[in-house]
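Data block for work_14.txt (compact mmCIF, C-alpha atoms):
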```
# COMPACT_ATOMS: atom_id res chain seq x y z
CA GLU A 1 -15.45 16.97 13.96
CA CYS A 2 -18.25 14.81 12.54
CA LEU A 3 -17.20 11.75 14.51
CA GLN A 4 -16.69 13.79 17.66
CA ALA A 5 -20.23 15.12 17.22
CA GLY A 6 -21.55 11.54 17.07
CA LYS A 7 -22.31 11.63 13.33
CA HIS A 8 -21.63 8.90 10.80
CA LEU A 9 -19.05 9.83 8.18
CA LEU A 10 -18.97 9.18 4.42
CA LEU A 11 -15.74 10.64 3.08
CA GLU A 12 -14.63 10.96 -0.54
CA LYS A 13 -11.08 10.37 -1.65
CA PRO A 14 -8.55 11.50 -0.85
CA LEU A 15 -9.04 10.80 2.83
CA ALA A 16 -6.34 13.37 3.55
CA HIS A 17 -3.35 14.92 1.84
CA THR A 18 -0.70 13.18 3.94
CA VAL A 19 -0.15 9.66 5.23
CA GLU A 20 0.06 11.04 8.76
CA SER A 21 -3.35 12.71 8.43
CA CYS A 22 -4.86 9.47 7.11
CA GLN A 23 -3.43 7.52 10.02
CA GLN A 24 -4.81 10.09 12.47
CA LEU A 25 -8.27 9.86 10.88
CA LEU A 26 -8.27 6.06 10.94
CA LYS A 27 -7.15 6.05 14.57
CA CYS A 28 -10.04 8.38 15.41
CA THR A 29 -12.58 6.15 13.61
CA LYS A 30 -11.52 3.10 15.63
CA ARG A 31 -12.34 4.88 18.89
CA ARG A 32 -15.90 5.66 17.80
CA GLU A 33 -19.06 3.65 17.26
CA GLN A 34 -20.16 5.66 14.25
CA VAL A 35 -19.97 4.24 10.75
CA PHE A 36 -17.05 5.46 8.67
CA MET A 37 -16.94 4.69 4.96
CA VAL A 38 -14.87 5.87 2.04
CA GLY A 39 -17.11 6.88 -0.88
CA GLU A 40 -15.22 4.79 -3.43
CA ASN A 41 -17.70 3.50 -5.99
CA SER A 42 -15.46 1.28 -8.13
CA ALA A 43 -16.37 -1.87 -6.20
CA PHE A 44 -19.91 -1.36 -7.52
CA TRP A 45 -19.07 -0.82 -11.19
CA PRO A 46 -20.97 -3.44 -13.25
CA GLU A 47 -17.79 -4.78 -14.85
CA VAL A 48 -16.07 -5.15 -11.47
CA ARG A 49 -19.09 -6.92 -9.97
CA LYS A 50 -19.28 -9.24 -12.98
CA ALA A 51 -15.57 -10.06 -12.76
CA GLN A 52 -15.98 -10.82 -9.04
CA GLU A 53 -18.95 -13.08 -9.82
CA LEU A 54 -16.93 -14.96 -12.47
CA ILE A 55 -13.98 -15.35 -10.09
CA ASN A 56 -16.17 -16.53 -7.20
CA SER A 57 -18.03 -19.06 -9.38
CA GLY A 58 -14.80 -20.47 -10.81
CA THR A 59 -16.01 -19.73 -14.34
CA ILE A 60 -12.78 -18.03 -15.38
CA GLY A 61 -10.37 -19.82 -13.09
CA GLU A 62 -8.04 -18.15 -10.63
CA PRO A 63 -6.64 -14.86 -11.97
CA TYR A 64 -2.94 -14.29 -11.32
CA PHE A 65 -2.36 -10.94 -13.04
CA ALA A 66 -4.35 -7.83 -13.92
CA GLN A 67 -3.73 -4.66 -15.86
CA ALA A 68 -5.82 -1.55 -15.28
CA ASN A 69 -5.70 1.60 -17.37
CA TYR A 70 -7.14 5.04 -16.82
CA TRP A 71 -6.93 7.59 -19.60
CA GLU A 72 -8.73 10.90 -19.83
CA SER A 73 -8.56 13.68 -22.35
CA VAL A 74 -8.63 16.72 -20.12
CA GLY A 75 -7.41 19.00 -22.88
CA SER A 76 -10.75 19.27 -24.64
CA ASP A 77 -14.12 17.64 -24.64
CA ALA A 78 -16.98 17.06 -27.05
CA PHE A 79 -18.39 20.51 -26.33
CA SER A 80 -15.28 22.64 -26.44
CA GLU A 81 -12.08 22.85 -28.40
CA SER A 82 -10.45 24.93 -25.69
CA LEU A 83 -7.80 23.67 -23.32
CA PRO A 84 -8.63 23.53 -19.61
CA ASP A 85 -7.70 26.41 -17.39
CA LYS A 86 -4.26 25.88 -15.88
CA ASP A 87 -5.96 26.46 -12.51
CA ASP A 88 -8.31 23.49 -13.06
CA TRP A 89 -8.69 21.54 -9.78
CA ARG A 90 -7.11 18.47 -11.39
CA PHE A 91 -3.81 20.34 -11.57
CA ASP A 92 -3.88 21.66 -8.02
CA PRO A 93 -2.21 19.22 -5.60
CA VAL A 94 -3.84 20.90 -2.60
CA ARG A 95 -7.39 20.51 -3.94
CA ALA A 96 -6.95 17.22 -5.82
CA GLY A 97 -4.45 15.47 -3.56
CA GLY A 98 -2.36 14.61 -6.61
CA GLY A 99 -2.71 14.24 -10.35
CA VAL A 100 -3.90 11.37 -12.53
CA MET A 101 -2.84 8.76 -9.95
CA MET A 102 -5.08 10.23 -7.25
CA ASP A 103 -7.87 11.33 -9.59
CA GLY A 104 -8.38 8.26 -11.74
CA VAL A 105 -5.89 5.42 -11.38
CA THR A 106 -6.66 5.02 -7.69
CA HIS A 107 -10.20 3.84 -8.56
CA TRP A 108 -8.67 0.53 -9.67
CA VAL A 109 -7.00 -0.15 -6.32
CA ARG A 110 -10.21 -1.33 -4.61
CA PRO A 111 -11.20 -3.85 -7.32
CA LEU A 112 -7.65 -5.22 -7.44
CA ARG A 113 -7.65 -5.65 -3.65
CA LEU A 114 -11.03 -7.42 -3.84
CA TRP A 115 -9.63 -9.88 -6.36
CA PHE A 116 -6.04 -10.28 -5.15
CA GLY A 117 -5.90 -9.23 -1.47
CA ASP A 118 -3.70 -6.68 0.28
CA ILE A 119 -0.94 -4.87 -1.56
CA VAL A 120 2.50 -5.52 -0.08
CA GLU A 121 4.81 -3.79 -2.56
CA VAL A 122 4.57 -0.94 -5.07
CA VAL A 123 7.06 0.27 -7.65
CA SER A 124 5.98 3.36 -9.54
CA THR A 125 7.02 6.25 -11.68
CA LEU A 126 5.31 9.55 -12.43
CA GLY A 127 5.64 11.90 -15.38
CA TYR A 128 4.62 15.46 -16.19
CA PRO A 129 4.20 15.59 -20.00
CA PHE A 130 0.90 17.51 -20.09
CA ARG A 131 1.91 20.98 -21.15
CA LEU A 132 -0.49 22.86 -18.88
CA SER A 133 0.59 21.27 -15.63
CA LYS A 134 3.90 20.62 -14.01
CA ARG A 135 2.39 20.70 -10.49
CA CYS A 136 0.63 17.31 -10.63
CA GLU A 137 1.56 14.14 -12.44
CA THR A 138 -0.25 13.58 -15.73
CA LEU A 139 1.38 10.21 -16.47
CA ALA A 140 1.65 7.36 -13.97
CA HIS A 141 2.73 3.72 -13.97
CA ALA A 142 2.72 1.35 -11.02
CA MET A 143 3.52 -2.32 -10.53
CA LEU A 144 1.83 -3.93 -7.55
CA ARG A 145 2.58 -7.15 -5.70
CA PHE A 146 -0.06 -8.61 -3.41
CA GLY A 147 0.31 -10.80 -0.34
CA SER A 148 -1.28 -13.58 -2.39
CA GLY A 149 1.72 -13.47 -4.76
CA LYS A 150 -0.39 -12.06 -7.58
CA THR A 151 0.66 -8.96 -9.48
CA ALA A 152 -0.94 -6.05 -11.31
CA VAL A 153 0.04 -3.08 -13.42
CA LEU A 154 -1.74 0.27 -13.17
CA GLN A 155 -1.36 2.99 -15.79
CA GLY A 156 -2.84 6.44 -16.05
CA HIS A 157 -2.53 9.32 -18.44
CA TYR A 158 -4.08 12.73 -18.93
CA SER A 159 -3.76 13.95 -22.47
CA ASP A 160 -4.40 17.23 -24.14
```

Can I see the file as structure tokens?
Amino acid sequence: ECLQAGKHLLLEKPLAHTVESCQQLLKCTKRREQVFMVGENSAFWPEVRKAQELINSGTIGEPYFAQANYWESVGSDAFSESLPDKDDWRFDPVRAGGGVMMDGVTHWVRPLRLWFGDIVEVVSTLGYPFRLSKRCETLAHAMLRFGSGKTAVLQGHYSD
């Protein structure tokens, strides 16, 4: 609707909840002159920018492998000893688009693509060990192969 109304569009992840919906959105953006951008901030994290600078300058040589980890204690925080509500948005696949893979691990995809290029193959596994949620994955592992021949491992875990 925004694009049809002639407005620019900044959209947070997930773009949509299905591959088909994402493809439809991207097709629509190509037919318009408006700016479309995904609000993914990981490319601007200081550590990602510094790594890119070191790669571009040749200071650290050519990386051939990366490992990225995302871990979050969603069971309690510094202010509360209570467990999260089982209806927390993180555990609702309709609102969150998925579990730990969509919520946190996916932030590492953009930096890895900046450093290594397009992803051509993914092998992954998901787990559901967090006792409050069996609707969304709370454990995720993925191995990525890039067109450049480089590889990466992504891991994510919610804990209670």

Original post:
What is the distance between CA of Met37 (chain A) and CA of Leu11 (chain A), in Å to one decimal?
Top reply: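 Answer for the CA of Met37 (chain A) to CA of Leu11 (chain A) separation: 6.4 Å.
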
Subject >> Contacts of Lys13 (chain A) at 10 Å (only C-alpha atoms; same-chain gap of 5+ positions) as a ChimeraX atom specification >> reply: /A:38-40,96-97,102-103,106-107

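Atom pair CA of Gly58 (chain A) / CA of Phe116 (chain A) has a distance of 14.6 Å (rounded to one decimal).
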
Subject >> Long-range neighbours of Arg95 (chain A) as a ChimeraX atom specification, 10 Å cut-off, all atoms listed in the file, 6 positions minimum in chain >> reply: /A:14,17,88-89

Residue selection dump (C-alpha atoms) as a compact mmCIF listing (two decimals), keeping the file's coordinate frame:
```
# COMPACT_ATOMS: atom_id res chain seq x y z
CA PRO A 14 -8.55 11.50 -0.85
CA HIS A 17 -3.35 14.92 1.84
CA ASP A 88 -8.31 23.49 -13.06
CA TRP A 89 -8.69 21.54 -9.78
```

**OP:** Go through A:Val100, A:Ala152, A:Leu54, A:Leu10 and flag the residue nearest Val123 (chain A), using all atoms listed in the file for the distances.
**Re:** A:Ala152

Within 10 Å of Lys7 (chain A) using all atoms listed in the file, minus same-chain residues under 6 positions, as a PDB file with C-alpha atoms, in the coordinates of the input:
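So part39.pdb came out as:
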```
ATOM      1  CA  GLU A   1     -15.450  16.970  13.960  1.00  0.00           C
ATOM      2  CA  ARG A  32     -15.900   5.660  17.800  1.00  0.00           C
ATOM      3  CA  GLU A  33     -19.060   3.650  17.260  1.00  0.00           C
ATOM      4  CA  GLN A  34     -20.160   5.660  14.250  1.00  0.00           C
ATOM      5  CA  VAL A  35     -19.970   4.240  10.750  1.00  0.00           C
ATOM      6  CA  PHE A  36     -17.050   5.460   8.670  1.00  0.00           C
TER       7      PHE A  36
END
```

Original post:
With distances taken over all atoms listed in the file, which of A:Gln67, A:Ser148, A:Gln155, A:Thr18 is nearest to Leu126 (chain A)?
Top reply: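 The answer is A:Gln155, which sits nearest to Leu126 (chain A).
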
Tell me, as a CSV table (one decimal) with C-alpha atoms, in the frame of the given file, which residues lie within 9 Å of Leu25 (chain A), counting only C-alpha atoms; anything in the same chain fewer than 4 positions away does not count.
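Dumped everything to around.csv:
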```
chain,number,residue,atom,x,y,z
A,15,LEU,CA,-9.0,10.8,2.8
A,16,ALA,CA,-6.3,13.4,3.6
A,20,GLU,CA,0.1,11.0,8.8
A,21,SER,CA,-3.4,12.7,8.4
A,29,THR,CA,-12.6,6.2,13.6
A,30,LYS,CA,-11.5,3.1,15.6
```

Original post:
Nearest to Trp71 (chain A): which of A:Gly149, A:Gly117, A:Gly104, A:Gly6 is it, counting all atoms listed in the file?
Top reply: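 Of all the options, A:Gly104 lies closest to Trp71 (chain A).
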
**OP:** Work out how far CA of Leu26 (chain A) is from CA of Leu154 (chain A), in Å to one decimal.
**Re:**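 Between CA of Leu154 (chain A) and CA of Leu26 (chain A) the gap works out to 25.6 Å.
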
**OP:** Go through A:Arg113, A:His157, A:His8, A:Lys27 one by one, measure the shortest atom-to-atom distance of each to Ser42 (chain A) using only C-alpha atoms, and give the residue with the smallest value.
**Re:**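 The closest residue to Ser42 (chain A) is A:Arg113.
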
Original post:
With distances taken over all atoms listed in the file, which of A:Lys134, A:Leu112, A:Val120, A:Val48 is nearest to Val153 (chain A)?
Top reply: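 Residue with the minimum atom-to-atom distance to Val153 (chain A): A:Leu112.
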
Original post:
Using all atoms listed in the file, which of A:Gln4, A:Lys50, A:Trp115, A:Trp108 sits nearest Tyr64 (chain A)?
Top reply: A:Trp115

Keeping N, CA and C atoms (and nothing else), can you write region 10-32 of chain A of this structure as a PDB file, in the first residue's frame?
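The result, stored in selection-v1.pdb:
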```pdb
ATOM      1  N   LEU A  10      10.562   1.839   4.480  1.00  0.00           N
ATOM      2  CA  LEU A  10      11.575   1.255   5.346  1.00  0.00           C
ATOM      3  C   LEU A  10      10.862   0.157   6.122  1.00  0.00           C
ATOM      4  N   LEU A  11      11.276  -1.082   5.910  1.00  0.00           N
ATOM      5  CA  LEU A  11      10.569  -2.226   6.474  1.00  0.00           C
ATOM      6  C   LEU A  11      11.504  -3.039   7.355  1.00  0.00           C
ATOM      7  N   GLU A  12      11.059  -3.321   8.566  1.00  0.00           N
ATOM      8  CA  GLU A  12      11.817  -4.169   9.485  1.00  0.00           C
ATOM      9  C   GLU A  12      11.717  -5.622   9.077  1.00  0.00           C
ATOM     10  N   LYS A  13      12.600  -6.437   9.606  1.00  0.00           N
ATOM     11  CA  LYS A  13      12.497  -7.873   9.395  1.00  0.00           C
ATOM     12  C   LYS A  13      11.421  -8.425  10.308  1.00  0.00           C
ATOM     13  N   PRO A  14      10.800  -9.483   9.981  1.00  0.00           N
ATOM     14  CA  PRO A  14      10.882 -10.152   8.686  1.00  0.00           C
ATOM     15  C   PRO A  14      10.103  -9.382   7.628  1.00  0.00           C
ATOM     16  N   LEU A  15      10.570  -9.465   6.398  1.00  0.00           N
ATOM     17  CA  LEU A  15       9.873  -8.790   5.308  1.00  0.00           C
ATOM     18  C   LEU A  15       8.456  -9.312   5.182  1.00  0.00           C
ATOM     19  N   ALA A  16       8.311 -10.609   5.359  1.00  0.00           N
ATOM     20  CA  ALA A  16       7.009 -11.273   5.298  1.00  0.00           C
ATOM     21  C   ALA A  16       7.163 -12.619   5.985  1.00  0.00           C
ATOM     22  N   HIS A  17       6.069 -13.327   6.134  1.00  0.00           N
ATOM     23  CA  HIS A  17       6.118 -14.603   6.838  1.00  0.00           C
ATOM     24  C   HIS A  17       6.229 -15.814   5.928  1.00  0.00           C
ATOM     25  N   THR A  18       6.244 -15.567   4.604  1.00  0.00           N
ATOM     26  CA  THR A  18       6.437 -16.663   3.655  1.00  0.00           C
ATOM     27  C   THR A  18       7.376 -16.202   2.550  1.00  0.00           C
ATOM     28  N   VAL A  19       8.039 -17.153   1.916  1.00  0.00           N
ATOM     29  CA  VAL A  19       8.920 -16.839   0.790  1.00  0.00           C
ATOM     30  C   VAL A  19       8.111 -16.220  -0.339  1.00  0.00           C
ATOM     31  N   GLU A  20       6.920 -16.744  -0.568  1.00  0.00           N
ATOM     32  CA  GLU A  20       6.069 -16.224  -1.645  1.00  0.00           C
ATOM     33  C   GLU A  20       5.716 -14.754  -1.410  1.00  0.00           C
ATOM     34  N   SER A  21       5.411 -14.402  -0.161  1.00  0.00           N
ATOM     35  CA  SER A  21       5.080 -13.006   0.153  1.00  0.00           C
ATOM     36  C   SER A  21       6.292 -12.103  -0.029  1.00  0.00           C
ATOM     37  N   CYS A  22       7.475 -12.594   0.328  1.00  0.00           N
ATOM     38  CA  CYS A  22       8.705 -11.815   0.111  1.00  0.00           C
ATOM     39  C   CYS A  22       8.938 -11.580  -1.365  1.00  0.00           C
ATOM     40  N   GLN A  23       8.765 -12.618  -2.159  1.00  0.00           N
ATOM     41  CA  GLN A  23       8.960 -12.491  -3.604  1.00  0.00           C
ATOM     42  C   GLN A  23       7.973 -11.496  -4.205  1.00  0.00           C
ATOM     43  N   GLN A  24       6.729 -11.534  -3.734  1.00  0.00           N
ATOM     44  CA  GLN A  24       5.715 -10.596  -4.217  1.00  0.00           C
ATOM     45  C   GLN A  24       6.094  -9.160  -3.851  1.00  0.00           C
ATOM     46  N   LEU A  25       6.562  -8.944  -2.637  1.00  0.00           N
ATOM     47  CA  LEU A  25       6.982  -7.610  -2.206  1.00  0.00           C
ATOM     48  C   LEU A  25       8.153  -7.114  -3.046  1.00  0.00           C
ATOM     49  N   LEU A  26       9.155  -7.953  -3.237  1.00  0.00           N
ATOM     50  CA  LEU A  26      10.320  -7.546  -4.024  1.00  0.00           C
ATOM     51  C   LEU A  26       9.955  -7.250  -5.466  1.00  0.00           C
ATOM     52  N   LYS A  27       9.047  -8.029  -6.026  1.00  0.00           N
ATOM     53  CA  LYS A  27       8.574  -7.770  -7.387  1.00  0.00           C
ATOM     54  C   LYS A  27       7.894  -6.401  -7.463  1.00  0.00           C
ATOM     55  N   CYS A  28       7.108  -6.091  -6.455  1.00  0.00           N
ATOM     56  CA  CYS A  28       6.415  -4.801  -6.400  1.00  0.00           C
ATOM     57  C   CYS A  28       7.408  -3.639  -6.292  1.00  0.00           C
ATOM     58  N   THR A  29       8.481  -3.822  -5.513  1.00  0.00           N
ATOM     59  CA  THR A  29       9.456  -2.732  -5.341  1.00  0.00           C
ATOM     60  C   THR A  29      10.211  -2.446  -6.629  1.00  0.00           C
ATOM     61  N   LYS A  30      10.401  -3.440  -7.469  1.00  0.00           N
ATOM     62  CA  LYS A  30      11.134  -3.240  -8.723  1.00  0.00           C
ATOM     63  C   LYS A  30      10.327  -2.447  -9.751  1.00  0.00           C
ATOM     64  N   ARG A  31       9.023  -2.424  -9.576  1.00  0.00           N
ATOM     65  CA  ARG A  31       8.166  -1.689 -10.516  1.00  0.00           C
ATOM     66  C   ARG A  31       7.960  -0.236 -10.093  1.00  0.00           C
ATOM     67  N   ARG A  32       8.542   0.155  -8.990  1.00  0.00           N
ATOM     68  CA  ARG A  32       8.321   1.501  -8.445  1.00  0.00           C
ATOM     69  C   ARG A  32       9.626   2.297  -8.434  1.00  0.00           C
TER      70      ARG A  32
END
```
